[in-house]
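Listing of work15.cif, mmCIF, N, CA and C atoms
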```cif
data_model
loop_
_atom_site.label_atom_id
_atom_site.label_comp_id
_atom_site.auth_asym_id
_atom_site.auth_seq_id
_atom_site.Cartn_x
_atom_site.Cartn_y
_atom_site.Cartn_z
N MET J 1 -18.83 -84.63 -90.92
CA MET J 1 -18.74 -84.38 -89.48
C MET J 1 -19.67 -83.25 -89.05
N ALA J 2 -19.84 -82.26 -89.91
CA ALA J 2 -20.70 -81.14 -89.56
C ALA J 2 -22.14 -81.60 -89.32
N ASP J 3 -22.61 -82.58 -90.09
CA ASP J 3 -23.97 -83.09 -89.88
C ASP J 3 -24.11 -83.70 -88.50
N HIS J 4 -23.11 -84.44 -88.07
CA HIS J 4 -23.13 -85.04 -86.74
C HIS J 4 -23.16 -83.96 -85.67
N GLU J 5 -22.38 -82.92 -85.83
CA GLU J 5 -22.37 -81.82 -84.87
C GLU J 5 -23.72 -81.10 -84.86
N ASP J 6 -24.31 -80.92 -86.04
CA ASP J 6 -25.64 -80.29 -86.11
C ASP J 6 -26.68 -81.13 -85.39
N GLU J 7 -26.60 -82.44 -85.53
CA GLU J 7 -27.53 -83.33 -84.83
C GLU J 7 -27.37 -83.20 -83.32
N ILE J 8 -26.13 -83.17 -82.87
CA ILE J 8 -25.87 -83.04 -81.44
C ILE J 8 -26.39 -81.70 -80.93
N MET J 9 -26.12 -80.64 -81.66
CA MET J 9 -26.57 -79.31 -81.24
C MET J 9 -28.10 -79.24 -81.22
N GLY J 10 -28.75 -79.87 -82.18
CA GLY J 10 -30.21 -79.90 -82.19
C GLY J 10 -30.77 -80.65 -80.99
N ALA J 11 -30.15 -81.77 -80.66
CA ALA J 11 -30.58 -82.56 -79.50
C ALA J 11 -30.36 -81.77 -78.21
N LEU J 12 -29.24 -81.08 -78.13
CA LEU J 12 -28.95 -80.28 -76.93
C LEU J 12 -29.94 -79.12 -76.79
N ALA J 13 -30.25 -78.47 -77.90
CA ALA J 13 -31.22 -77.37 -77.86
C ALA J 13 -32.58 -77.88 -77.38
N HIS J 14 -32.98 -79.04 -77.88
CA HIS J 14 -34.24 -79.64 -77.45
C HIS J 14 -34.19 -79.95 -75.95
N SER J 15 -33.08 -80.50 -75.48
CA SER J 15 -32.94 -80.84 -74.07
C SER J 15 -32.98 -79.61 -73.17
N ILE J 16 -32.38 -78.53 -73.62
CA ILE J 16 -32.45 -77.26 -72.87
C ILE J 16 -33.90 -76.81 -72.77
N SER J 17 -34.63 -76.93 -73.86
CA SER J 17 -36.04 -76.55 -73.88
C SER J 17 -36.87 -77.40 -72.91
N VAL J 18 -36.60 -78.70 -72.90
CA VAL J 18 -37.32 -79.60 -71.99
C VAL J 18 -37.02 -79.25 -70.53
N THR J 19 -35.77 -78.97 -70.22
CA THR J 19 -35.40 -78.61 -68.85
C THR J 19 -36.03 -77.28 -68.45
N TYR J 20 -36.06 -76.33 -69.37
CA TYR J 20 -36.71 -75.05 -69.10
C TYR J 20 -38.20 -75.27 -68.82
N THR J 21 -38.84 -76.14 -69.58
CA THR J 21 -40.25 -76.45 -69.38
C THR J 21 -40.47 -77.06 -68.00
N LEU J 22 -39.56 -77.92 -67.57
CA LEU J 22 -39.64 -78.50 -66.23
C LEU J 22 -39.55 -77.39 -65.18
N LEU J 23 -38.66 -76.42 -65.37
CA LEU J 23 -38.55 -75.30 -64.45
C LEU J 23 -39.85 -74.49 -64.43
N VAL J 24 -40.43 -74.25 -65.59
CA VAL J 24 -41.71 -73.54 -65.65
C VAL J 24 -42.77 -74.26 -64.83
N ASP J 25 -42.84 -75.59 -64.99
CA ASP J 25 -43.81 -76.39 -64.25
C ASP J 25 -43.56 -76.31 -62.74
N VAL J 26 -42.29 -76.40 -62.35
CA VAL J 26 -41.94 -76.31 -60.92
C VAL J 26 -42.35 -74.94 -60.37
N CYS J 27 -42.05 -73.89 -61.11
CA CYS J 27 -42.33 -72.53 -60.63
C CYS J 27 -43.83 -72.28 -60.47
N GLU J 28 -44.65 -73.00 -61.22
CA GLU J 28 -46.10 -72.82 -61.11
C GLU J 28 -46.66 -73.41 -59.82
N VAL J 29 -45.94 -74.33 -59.18
CA VAL J 29 -46.46 -74.94 -57.95
C VAL J 29 -45.61 -74.60 -56.72
N LEU J 30 -44.71 -73.64 -56.85
CA LEU J 30 -43.93 -73.19 -55.69
C LEU J 30 -44.87 -72.57 -54.66
N PRO J 31 -44.47 -72.52 -53.39
CA PRO J 31 -45.32 -71.90 -52.38
C PRO J 31 -45.71 -70.46 -52.74
N VAL J 32 -44.83 -69.76 -53.41
CA VAL J 32 -45.13 -68.45 -54.00
C VAL J 32 -44.87 -68.63 -55.50
N ARG J 33 -45.95 -68.64 -56.26
CA ARG J 33 -45.86 -68.95 -57.69
C ARG J 33 -44.99 -67.92 -58.42
N ILE J 34 -44.14 -68.41 -59.30
CA ILE J 34 -43.31 -67.57 -60.17
C ILE J 34 -43.70 -67.89 -61.60
N THR J 35 -44.07 -66.87 -62.35
CA THR J 35 -44.45 -67.07 -63.73
C THR J 35 -43.26 -66.75 -64.63
N LEU J 36 -42.92 -67.70 -65.48
CA LEU J 36 -41.81 -67.52 -66.42
C LEU J 36 -42.35 -67.35 -67.83
N PRO J 37 -41.58 -66.69 -68.70
CA PRO J 37 -42.04 -66.55 -70.09
C PRO J 37 -42.16 -67.92 -70.75
N VAL J 38 -43.27 -68.12 -71.42
CA VAL J 38 -43.49 -69.36 -72.17
C VAL J 38 -44.05 -69.02 -73.54
N ASP J 39 -43.63 -69.76 -74.49
CA ASP J 39 -44.07 -69.61 -75.87
C ASP J 39 -43.50 -70.80 -76.61
N ARG J 40 -43.83 -70.91 -77.86
CA ARG J 40 -43.28 -72.02 -78.64
C ARG J 40 -41.76 -71.96 -78.67
N HIS J 41 -41.20 -70.77 -78.79
CA HIS J 41 -39.75 -70.61 -78.78
C HIS J 41 -39.40 -69.41 -77.90
N ILE J 42 -38.74 -69.68 -76.80
CA ILE J 42 -38.33 -68.61 -75.88
C ILE J 42 -36.89 -68.24 -76.23
N PRO J 43 -36.67 -67.01 -76.67
CA PRO J 43 -35.28 -66.62 -76.94
C PRO J 43 -34.47 -66.59 -75.64
N ALA J 44 -33.21 -66.94 -75.76
CA ALA J 44 -32.33 -66.95 -74.59
C ALA J 44 -32.31 -65.58 -73.92
N SER J 45 -32.48 -64.52 -74.71
CA SER J 45 -32.47 -63.17 -74.14
C SER J 45 -33.62 -62.96 -73.16
N ASN J 46 -34.69 -63.74 -73.27
CA ASN J 46 -35.80 -63.68 -72.31
C ASN J 46 -35.66 -64.72 -71.23
N ALA J 47 -35.21 -65.91 -71.59
CA ALA J 47 -35.14 -67.02 -70.63
C ALA J 47 -34.05 -66.81 -69.60
N ILE J 48 -32.88 -66.36 -70.01
CA ILE J 48 -31.75 -66.23 -69.09
C ILE J 48 -32.06 -65.30 -67.92
N PRO J 49 -32.56 -64.08 -68.16
CA PRO J 49 -32.87 -63.23 -67.00
C PRO J 49 -33.95 -63.83 -66.10
N ALA J 50 -34.90 -64.53 -66.70
CA ALA J 50 -35.96 -65.15 -65.89
C ALA J 50 -35.39 -66.25 -65.01
N ILE J 51 -34.51 -67.08 -65.56
CA ILE J 51 -33.88 -68.15 -64.78
C ILE J 51 -33.00 -67.55 -63.68
N GLN J 52 -32.27 -66.50 -64.01
CA GLN J 52 -31.43 -65.83 -63.01
C GLN J 52 -32.28 -65.28 -61.87
N ARG J 53 -33.43 -64.75 -62.21
CA ARG J 53 -34.32 -64.19 -61.18
C ARG J 53 -34.85 -65.29 -60.27
N VAL J 54 -35.21 -66.43 -60.84
CA VAL J 54 -35.68 -67.55 -60.02
C VAL J 54 -34.57 -67.98 -59.06
N ALA J 55 -33.34 -68.06 -59.56
CA ALA J 55 -32.21 -68.45 -58.70
C ALA J 55 -32.06 -67.46 -57.54
N GLU J 56 -32.23 -66.18 -57.82
CA GLU J 56 -32.12 -65.16 -56.78
C GLU J 56 -33.25 -65.28 -55.76
N LEU J 57 -34.44 -65.61 -56.23
CA LEU J 57 -35.61 -65.70 -55.35
C LEU J 57 -35.65 -66.97 -54.52
N ALA J 58 -34.87 -67.98 -54.90
CA ALA J 58 -34.94 -69.29 -54.24
C ALA J 58 -34.80 -69.18 -52.72
N LYS J 59 -33.89 -68.33 -52.26
CA LYS J 59 -33.65 -68.24 -50.81
C LYS J 59 -34.77 -67.53 -50.07
N ASP J 60 -35.63 -66.82 -50.78
CA ASP J 60 -36.70 -66.06 -50.14
C ASP J 60 -38.04 -66.80 -50.13
N LEU J 61 -38.09 -67.98 -50.72
CA LEU J 61 -39.35 -68.72 -50.78
C LEU J 61 -39.57 -69.50 -49.50
N PRO J 62 -40.83 -69.62 -49.07
CA PRO J 62 -41.13 -70.34 -47.82
C PRO J 62 -41.08 -71.86 -48.02
N MET J 63 -39.87 -72.39 -48.02
CA MET J 63 -39.67 -73.83 -48.10
C MET J 63 -38.34 -74.14 -47.43
N GLY J 64 -38.05 -75.41 -47.24
CA GLY J 64 -36.84 -75.80 -46.54
C GLY J 64 -35.56 -75.50 -47.30
N GLU J 65 -34.46 -75.59 -46.57
CA GLU J 65 -33.15 -75.34 -47.18
C GLU J 65 -32.84 -76.29 -48.33
N ALA J 66 -33.21 -77.55 -48.17
CA ALA J 66 -32.94 -78.52 -49.23
C ALA J 66 -33.70 -78.14 -50.50
N GLN J 67 -34.93 -77.69 -50.36
CA GLN J 67 -35.73 -77.30 -51.52
C GLN J 67 -35.20 -76.01 -52.16
N GLU J 68 -34.79 -75.08 -51.32
CA GLU J 68 -34.17 -73.86 -51.84
C GLU J 68 -32.92 -74.22 -52.65
N ALA J 69 -32.12 -75.12 -52.11
CA ALA J 69 -30.89 -75.53 -52.79
C ALA J 69 -31.20 -76.25 -54.10
N GLN J 70 -32.25 -77.05 -54.12
CA GLN J 70 -32.61 -77.75 -55.35
C GLN J 70 -33.02 -76.75 -56.44
N LEU J 71 -33.81 -75.77 -56.08
CA LEU J 71 -34.23 -74.76 -57.06
C LEU J 71 -33.03 -73.96 -57.56
N PHE J 72 -32.20 -73.50 -56.63
CA PHE J 72 -31.02 -72.73 -57.00
C PHE J 72 -30.06 -73.55 -57.85
N THR J 73 -29.79 -74.78 -57.43
CA THR J 73 -28.87 -75.66 -58.15
C THR J 73 -29.38 -75.95 -59.56
N GLY J 74 -30.66 -76.26 -59.67
CA GLY J 74 -31.23 -76.50 -60.99
C GLY J 74 -31.06 -75.30 -61.90
N CYS J 75 -31.32 -74.13 -61.36
CA CYS J 75 -31.20 -72.90 -62.16
C CYS J 75 -29.76 -72.65 -62.62
N ILE J 76 -28.80 -72.80 -61.71
CA ILE J 76 -27.43 -72.49 -62.12
C ILE J 76 -26.90 -73.53 -63.11
N HIS J 77 -27.34 -74.77 -62.97
CA HIS J 77 -26.92 -75.77 -63.96
C HIS J 77 -27.58 -75.52 -65.31
N LEU J 78 -28.82 -75.09 -65.31
CA LEU J 78 -29.48 -74.75 -66.57
C LEU J 78 -28.79 -73.56 -67.22
N LEU J 79 -28.45 -72.56 -66.43
CA LEU J 79 -27.74 -71.39 -66.98
C LEU J 79 -26.37 -71.79 -67.53
N ALA J 80 -25.67 -72.66 -66.82
CA ALA J 80 -24.36 -73.12 -67.29
C ALA J 80 -24.52 -73.88 -68.61
N ALA J 81 -25.57 -74.69 -68.71
CA ALA J 81 -25.81 -75.43 -69.96
C ALA J 81 -26.06 -74.47 -71.12
N ILE J 82 -26.84 -73.43 -70.87
CA ILE J 82 -27.12 -72.44 -71.92
C ILE J 82 -25.85 -71.72 -72.34
N ASP J 83 -25.02 -71.35 -71.37
CA ASP J 83 -23.75 -70.67 -71.68
C ASP J 83 -22.83 -71.57 -72.50
N LEU J 84 -22.71 -72.83 -72.09
CA LEU J 84 -21.86 -73.77 -72.83
C LEU J 84 -22.41 -74.02 -74.23
N TYR J 85 -23.73 -74.08 -74.34
CA TYR J 85 -24.35 -74.27 -75.65
C TYR J 85 -23.99 -73.10 -76.57
N ALA J 86 -24.06 -71.88 -76.06
CA ALA J 86 -23.72 -70.71 -76.87
C ALA J 86 -22.26 -70.76 -77.32
N LEU J 87 -21.37 -71.15 -76.41
CA LEU J 87 -19.96 -71.29 -76.79
C LEU J 87 -19.79 -72.37 -77.86
N CYS J 88 -20.49 -73.46 -77.68
CA CYS J 88 -20.40 -74.57 -78.61
C CYS J 88 -20.97 -74.18 -79.98
N ALA J 89 -21.99 -73.34 -79.98
CA ALA J 89 -22.58 -72.89 -81.25
C ALA J 89 -21.61 -72.00 -82.02
N SER J 90 -20.79 -71.25 -81.29
CA SER J 90 -19.83 -70.38 -81.97
C SER J 90 -18.59 -71.15 -82.43
N ARG J 91 -18.21 -72.15 -81.64
CA ARG J 91 -17.10 -73.03 -82.03
C ARG J 91 -17.31 -74.37 -81.35
N TYR J 92 -17.72 -75.32 -82.13
CA TYR J 92 -18.07 -76.63 -81.60
C TYR J 92 -16.85 -77.33 -81.00
N GLU J 93 -17.05 -77.80 -79.78
CA GLU J 93 -16.06 -78.64 -79.10
C GLU J 93 -16.83 -79.76 -78.43
N GLN J 94 -16.39 -80.97 -78.62
CA GLN J 94 -17.10 -82.12 -78.04
C GLN J 94 -17.22 -82.01 -76.53
N THR J 95 -16.16 -81.54 -75.87
CA THR J 95 -16.22 -81.44 -74.41
C THR J 95 -17.24 -80.40 -73.96
N ARG J 96 -17.41 -79.34 -74.73
CA ARG J 96 -18.44 -78.35 -74.39
C ARG J 96 -19.82 -78.98 -74.54
N ALA J 97 -20.01 -79.71 -75.64
CA ALA J 97 -21.30 -80.37 -75.85
C ALA J 97 -21.59 -81.35 -74.71
N GLU J 98 -20.59 -82.08 -74.29
CA GLU J 98 -20.76 -83.00 -73.17
C GLU J 98 -21.06 -82.24 -71.88
N GLY J 99 -20.45 -81.08 -71.73
CA GLY J 99 -20.72 -80.23 -70.57
C GLY J 99 -22.15 -79.75 -70.53
N VAL J 100 -22.70 -79.43 -71.70
CA VAL J 100 -24.11 -79.04 -71.76
C VAL J 100 -24.96 -80.18 -71.24
N GLY J 101 -24.71 -81.38 -71.76
CA GLY J 101 -25.48 -82.54 -71.33
C GLY J 101 -25.35 -82.83 -69.85
N ALA J 102 -24.14 -82.74 -69.33
CA ALA J 102 -23.92 -83.01 -67.91
C ALA J 102 -24.65 -82.00 -67.03
N ASN J 103 -24.60 -80.73 -67.41
CA ASN J 103 -25.30 -79.70 -66.64
C ASN J 103 -26.80 -79.91 -66.69
N LEU J 104 -27.32 -80.33 -67.83
CA LEU J 104 -28.75 -80.58 -67.93
C LEU J 104 -29.19 -81.76 -67.06
N ILE J 105 -28.36 -82.77 -66.98
CA ILE J 105 -28.67 -83.91 -66.10
C ILE J 105 -28.80 -83.44 -64.66
N HIS J 106 -27.86 -82.61 -64.21
CA HIS J 106 -27.90 -82.10 -62.84
C HIS J 106 -29.10 -81.18 -62.61
N ALA J 107 -29.39 -80.34 -63.60
CA ALA J 107 -30.55 -79.44 -63.47
C ALA J 107 -31.85 -80.25 -63.39
N ASP J 108 -32.00 -81.22 -64.29
CA ASP J 108 -33.20 -82.05 -64.29
C ASP J 108 -33.38 -82.78 -62.96
N GLU J 109 -32.31 -83.33 -62.46
CA GLU J 109 -32.38 -84.07 -61.19
C GLU J 109 -32.84 -83.16 -60.06
N ALA J 110 -32.28 -81.96 -59.98
CA ALA J 110 -32.65 -81.02 -58.92
C ALA J 110 -34.12 -80.60 -59.07
N PHE J 111 -34.53 -80.27 -60.29
CA PHE J 111 -35.91 -79.84 -60.50
C PHE J 111 -36.89 -80.98 -60.22
N LYS J 112 -36.55 -82.20 -60.61
CA LYS J 112 -37.45 -83.34 -60.38
C LYS J 112 -37.60 -83.64 -58.89
N ARG J 113 -36.51 -83.56 -58.14
CA ARG J 113 -36.60 -83.77 -56.69
C ARG J 113 -37.49 -82.70 -56.04
N LEU J 114 -37.31 -81.46 -56.48
CA LEU J 114 -38.14 -80.38 -55.95
C LEU J 114 -39.59 -80.60 -56.36
N TRP J 115 -39.83 -80.98 -57.59
CA TRP J 115 -41.17 -81.24 -58.11
C TRP J 115 -41.89 -82.29 -57.24
N ILE J 116 -41.19 -83.37 -56.93
CA ILE J 116 -41.77 -84.44 -56.10
C ILE J 116 -42.13 -83.89 -54.72
N TRP J 117 -41.25 -83.11 -54.13
CA TRP J 117 -41.52 -82.52 -52.82
C TRP J 117 -42.72 -81.59 -52.89
N LEU J 118 -42.76 -80.75 -53.93
CA LEU J 118 -43.86 -79.80 -54.07
C LEU J 118 -45.20 -80.52 -54.23
N LEU J 119 -45.22 -81.55 -55.03
CA LEU J 119 -46.48 -82.29 -55.22
C LEU J 119 -46.91 -82.97 -53.92
N GLY J 120 -45.94 -83.40 -53.13
CA GLY J 120 -46.26 -84.01 -51.84
C GLY J 120 -46.83 -83.02 -50.83
N THR J 121 -46.44 -81.75 -50.95
CA THR J 121 -46.92 -80.75 -49.99
C THR J 121 -48.23 -80.13 -50.43
N THR J 122 -48.54 -80.19 -51.73
CA THR J 122 -49.77 -79.58 -52.21
C THR J 122 -50.86 -80.60 -52.47
N GLY J 123 -50.50 -81.89 -52.51
CA GLY J 123 -51.48 -82.92 -52.85
C GLY J 123 -52.16 -83.44 -51.71
#
```

Encoded form using structure tokens:
Amino acid sequence: MADHEDEIMGALAHSISVTYTLLVDVCEVLPVRITLPVDRHIPASNAIPAIQRVAELAKDLPMGEAQEAQLFTGCIHLLAAIDLYALCASRYEQTRAEGVGANLIHADEAFKRLWIWLLGTTG
């Protein structure tokens, strides 16, 4: 059973990384560009404060309310996924793992909608 849990945790870690990369891409084309830490492996100790800062800045960016909400929502769901992942790493629970996945789905959806809007305004 531990191997199965390790596989799930590995997949979730990869998914968190992919969602973070999507946020990095979105932040590069915001009306006011936000640069996030990027490297092959970003420790949570660096990523979390950066994501929190983006969430705080969302309301101050020159874009519509819907876009501000998409950026903020994506950030808080990504942060929730990271928090649940950390809990799951300390004591694996299937519902926590599922919560990570569910939060990542919501974060991805919000970031992708914002991405589409941003590309439409800059293209």

* **Test item: the PyMOL selection byres ((chain J and resi 100) around 7) resolved as a PyMOL selection string** => chain J and resi 12+80-82+84-85+95-99+101-105

* Between J:Leu23, J:Ala110, J:Met63, J:Ala13, which is the closest to J:His41 once you count only C-alpha atoms? -> J:Ala13

Which residues fall under the PyMOL selection byres (((chain J and resi 42 and name CA) around 12) and name CA) in this file, as a PDB file with N, CA and C atoms, in the coordinates of the input?
```
ATOM      1  N   ALA J  13     -30.250 -78.470 -77.900  1.00  0.00           N
ATOM      2  CA  ALA J  13     -31.220 -77.370 -77.860  1.00  0.00           C
ATOM      3  C   ALA J  13     -32.580 -77.880 -77.380  1.00  0.00           C
ATOM      4  N   HIS J  14     -32.980 -79.040 -77.880  1.00  0.00           N
ATOM      5  CA  HIS J  14     -34.240 -79.640 -77.450  1.00  0.00           C
ATOM      6  C   HIS J  14     -34.190 -79.950 -75.950  1.00  0.00           C
ATOM      7  N   ILE J  16     -32.380 -78.530 -73.620  1.00  0.00           N
ATOM      8  CA  ILE J  16     -32.450 -77.260 -72.870  1.00  0.00           C
ATOM      9  C   ILE J  16     -33.900 -76.810 -72.770  1.00  0.00           C
ATOM     10  N   SER J  17     -34.630 -76.930 -73.860  1.00  0.00           N
ATOM     11  CA  SER J  17     -36.040 -76.550 -73.880  1.00  0.00           C
ATOM     12  C   SER J  17     -36.870 -77.400 -72.910  1.00  0.00           C
ATOM     13  N   VAL J  18     -36.600 -78.700 -72.900  1.00  0.00           N
ATOM     14  CA  VAL J  18     -37.320 -79.600 -71.990  1.00  0.00           C
ATOM     15  C   VAL J  18     -37.020 -79.250 -70.530  1.00  0.00           C
ATOM     16  N   TYR J  20     -36.060 -76.330 -69.370  1.00  0.00           N
ATOM     17  CA  TYR J  20     -36.710 -75.050 -69.100  1.00  0.00           C
ATOM     18  C   TYR J  20     -38.200 -75.270 -68.820  1.00  0.00           C
ATOM     19  N   THR J  21     -38.840 -76.140 -69.580  1.00  0.00           N
ATOM     20  CA  THR J  21     -40.250 -76.450 -69.380  1.00  0.00           C
ATOM     21  C   THR J  21     -40.470 -77.060 -68.000  1.00  0.00           C
ATOM     22  N   VAL J  24     -40.430 -74.250 -65.590  1.00  0.00           N
ATOM     23  CA  VAL J  24     -41.710 -73.540 -65.650  1.00  0.00           C
ATOM     24  C   VAL J  24     -42.770 -74.260 -64.830  1.00  0.00           C
ATOM     25  N   LEU J  36     -42.920 -67.700 -65.480  1.00  0.00           N
ATOM     26  CA  LEU J  36     -41.810 -67.520 -66.420  1.00  0.00           C
ATOM     27  C   LEU J  36     -42.350 -67.350 -67.830  1.00  0.00           C
ATOM     28  N   PRO J  37     -41.580 -66.690 -68.700  1.00  0.00           N
ATOM     29  CA  PRO J  37     -42.040 -66.550 -70.090  1.00  0.00           C
ATOM     30  C   PRO J  37     -42.160 -67.920 -70.750  1.00  0.00           C
ATOM     31  N   VAL J  38     -43.270 -68.120 -71.420  1.00  0.00           N
ATOM     32  CA  VAL J  38     -43.490 -69.360 -72.170  1.00  0.00           C
ATOM     33  C   VAL J  38     -44.050 -69.020 -73.540  1.00  0.00           C
ATOM     34  N   ASP J  39     -43.630 -69.760 -74.490  1.00  0.00           N
ATOM     35  CA  ASP J  39     -44.070 -69.610 -75.870  1.00  0.00           C
ATOM     36  C   ASP J  39     -43.500 -70.800 -76.610  1.00  0.00           C
ATOM     37  N   ARG J  40     -43.830 -70.910 -77.860  1.00  0.00           N
ATOM     38  CA  ARG J  40     -43.280 -72.020 -78.640  1.00  0.00           C
ATOM     39  C   ARG J  40     -41.760 -71.960 -78.670  1.00  0.00           C
ATOM     40  N   HIS J  41     -41.200 -70.770 -78.790  1.00  0.00           N
ATOM     41  CA  HIS J  41     -39.750 -70.610 -78.780  1.00  0.00           C
ATOM     42  C   HIS J  41     -39.400 -69.410 -77.900  1.00  0.00           C
ATOM     43  N   PRO J  43     -36.670 -67.010 -76.670  1.00  0.00           N
ATOM     44  CA  PRO J  43     -35.280 -66.620 -76.940  1.00  0.00           C
ATOM     45  C   PRO J  43     -34.470 -66.590 -75.640  1.00  0.00           C
ATOM     46  N   ALA J  44     -33.210 -66.940 -75.760  1.00  0.00           N
ATOM     47  CA  ALA J  44     -32.330 -66.950 -74.590  1.00  0.00           C
ATOM     48  C   ALA J  44     -32.310 -65.580 -73.920  1.00  0.00           C
ATOM     49  N   SER J  45     -32.480 -64.520 -74.710  1.00  0.00           N
ATOM     50  CA  SER J  45     -32.470 -63.170 -74.140  1.00  0.00           C
ATOM     51  C   SER J  45     -33.620 -62.960 -73.160  1.00  0.00           C
ATOM     52  N   ASN J  46     -34.690 -63.740 -73.270  1.00  0.00           N
ATOM     53  CA  ASN J  46     -35.800 -63.680 -72.310  1.00  0.00           C
ATOM     54  C   ASN J  46     -35.660 -64.720 -71.230  1.00  0.00           C
ATOM     55  N   ALA J  47     -35.210 -65.910 -71.590  1.00  0.00           N
ATOM     56  CA  ALA J  47     -35.140 -67.020 -70.630  1.00  0.00           C
ATOM     57  C   ALA J  47     -34.050 -66.810 -69.600  1.00  0.00           C
ATOM     58  N   ILE J  48     -32.880 -66.360 -70.010  1.00  0.00           N
ATOM     59  CA  ILE J  48     -31.750 -66.230 -69.090  1.00  0.00           C
ATOM     60  C   ILE J  48     -32.060 -65.300 -67.920  1.00  0.00           C
ATOM     61  N   PRO J  49     -32.560 -64.080 -68.160  1.00  0.00           N
ATOM     62  CA  PRO J  49     -32.870 -63.230 -67.000  1.00  0.00           C
ATOM     63  C   PRO J  49     -33.950 -63.830 -66.100  1.00  0.00           C
ATOM     64  N   ALA J  50     -34.900 -64.530 -66.700  1.00  0.00           N
ATOM     65  CA  ALA J  50     -35.960 -65.150 -65.890  1.00  0.00           C
ATOM     66  C   ALA J  50     -35.390 -66.250 -65.010  1.00  0.00           C
ATOM     67  N   ILE J  51     -34.510 -67.080 -65.560  1.00  0.00           N
ATOM     68  CA  ILE J  51     -33.880 -68.150 -64.780  1.00  0.00           C
ATOM     69  C   ILE J  51     -33.000 -67.550 -63.680  1.00  0.00           C
TER      70      ILE J  51
END
```

* To do: With a distance cut-off of 6 Å and only N, CA and C atoms, select the neighbouring residues of stretch 111-118 of chain J, excluding the residue or stretch itself and same-chain residues fewer than 3 positions from it, and output the selection as a list in words.
  =>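 My reading of the contact set: Val26, Gln67, Gln70, Gly74, His106, Ala107, Asp108, Thr121, Thr122 and Gly123 of chain J.
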
* Dig up all the protein and nucleic acid residues within 8 Å of (-21.0, -78.3, -86.8) in the file frame, using only N, CA and C atoms, and format them as number ranges by chain. => J: 1-7, 9, 88-89, 91-92

* stretch 1-121 of chain J: which residues are helix (DSSP H, G or I) by DSSP, as JSON, numbers by chain? -> {"J": [2, 3, 4, 5, 6, 7, 8, 9, 10, 11, 12, 13, 14, 15, 16, 17, 18, 19, 20, 21, 22, 23, 24, 25, 26, 27, 28, 44, 45, 46, 47, 48, 49, 50, 51, 52, 53, 54, 55, 56, 57, 58, 59, 60, 65, 66, 67, 68, 69, 70, 71, 72, 73, 74, 75, 76, 77, 78, 79, 80, 81, 82, 83, 84, 85, 86, 87, 88, 89, 90, 94, 95, 96, 97, 98, 99, 100, 101, 102, 103, 104, 105, 106, 107, 108, 109, 110, 111, 112, 113, 114, 115, 116, 117, 118, 119, 120, 121]}

* To do: Calculate how many Å separate atom CA of J:Ile8 from atom C of J:Ala86, rounding to one decimal.
  => 13.4 Å
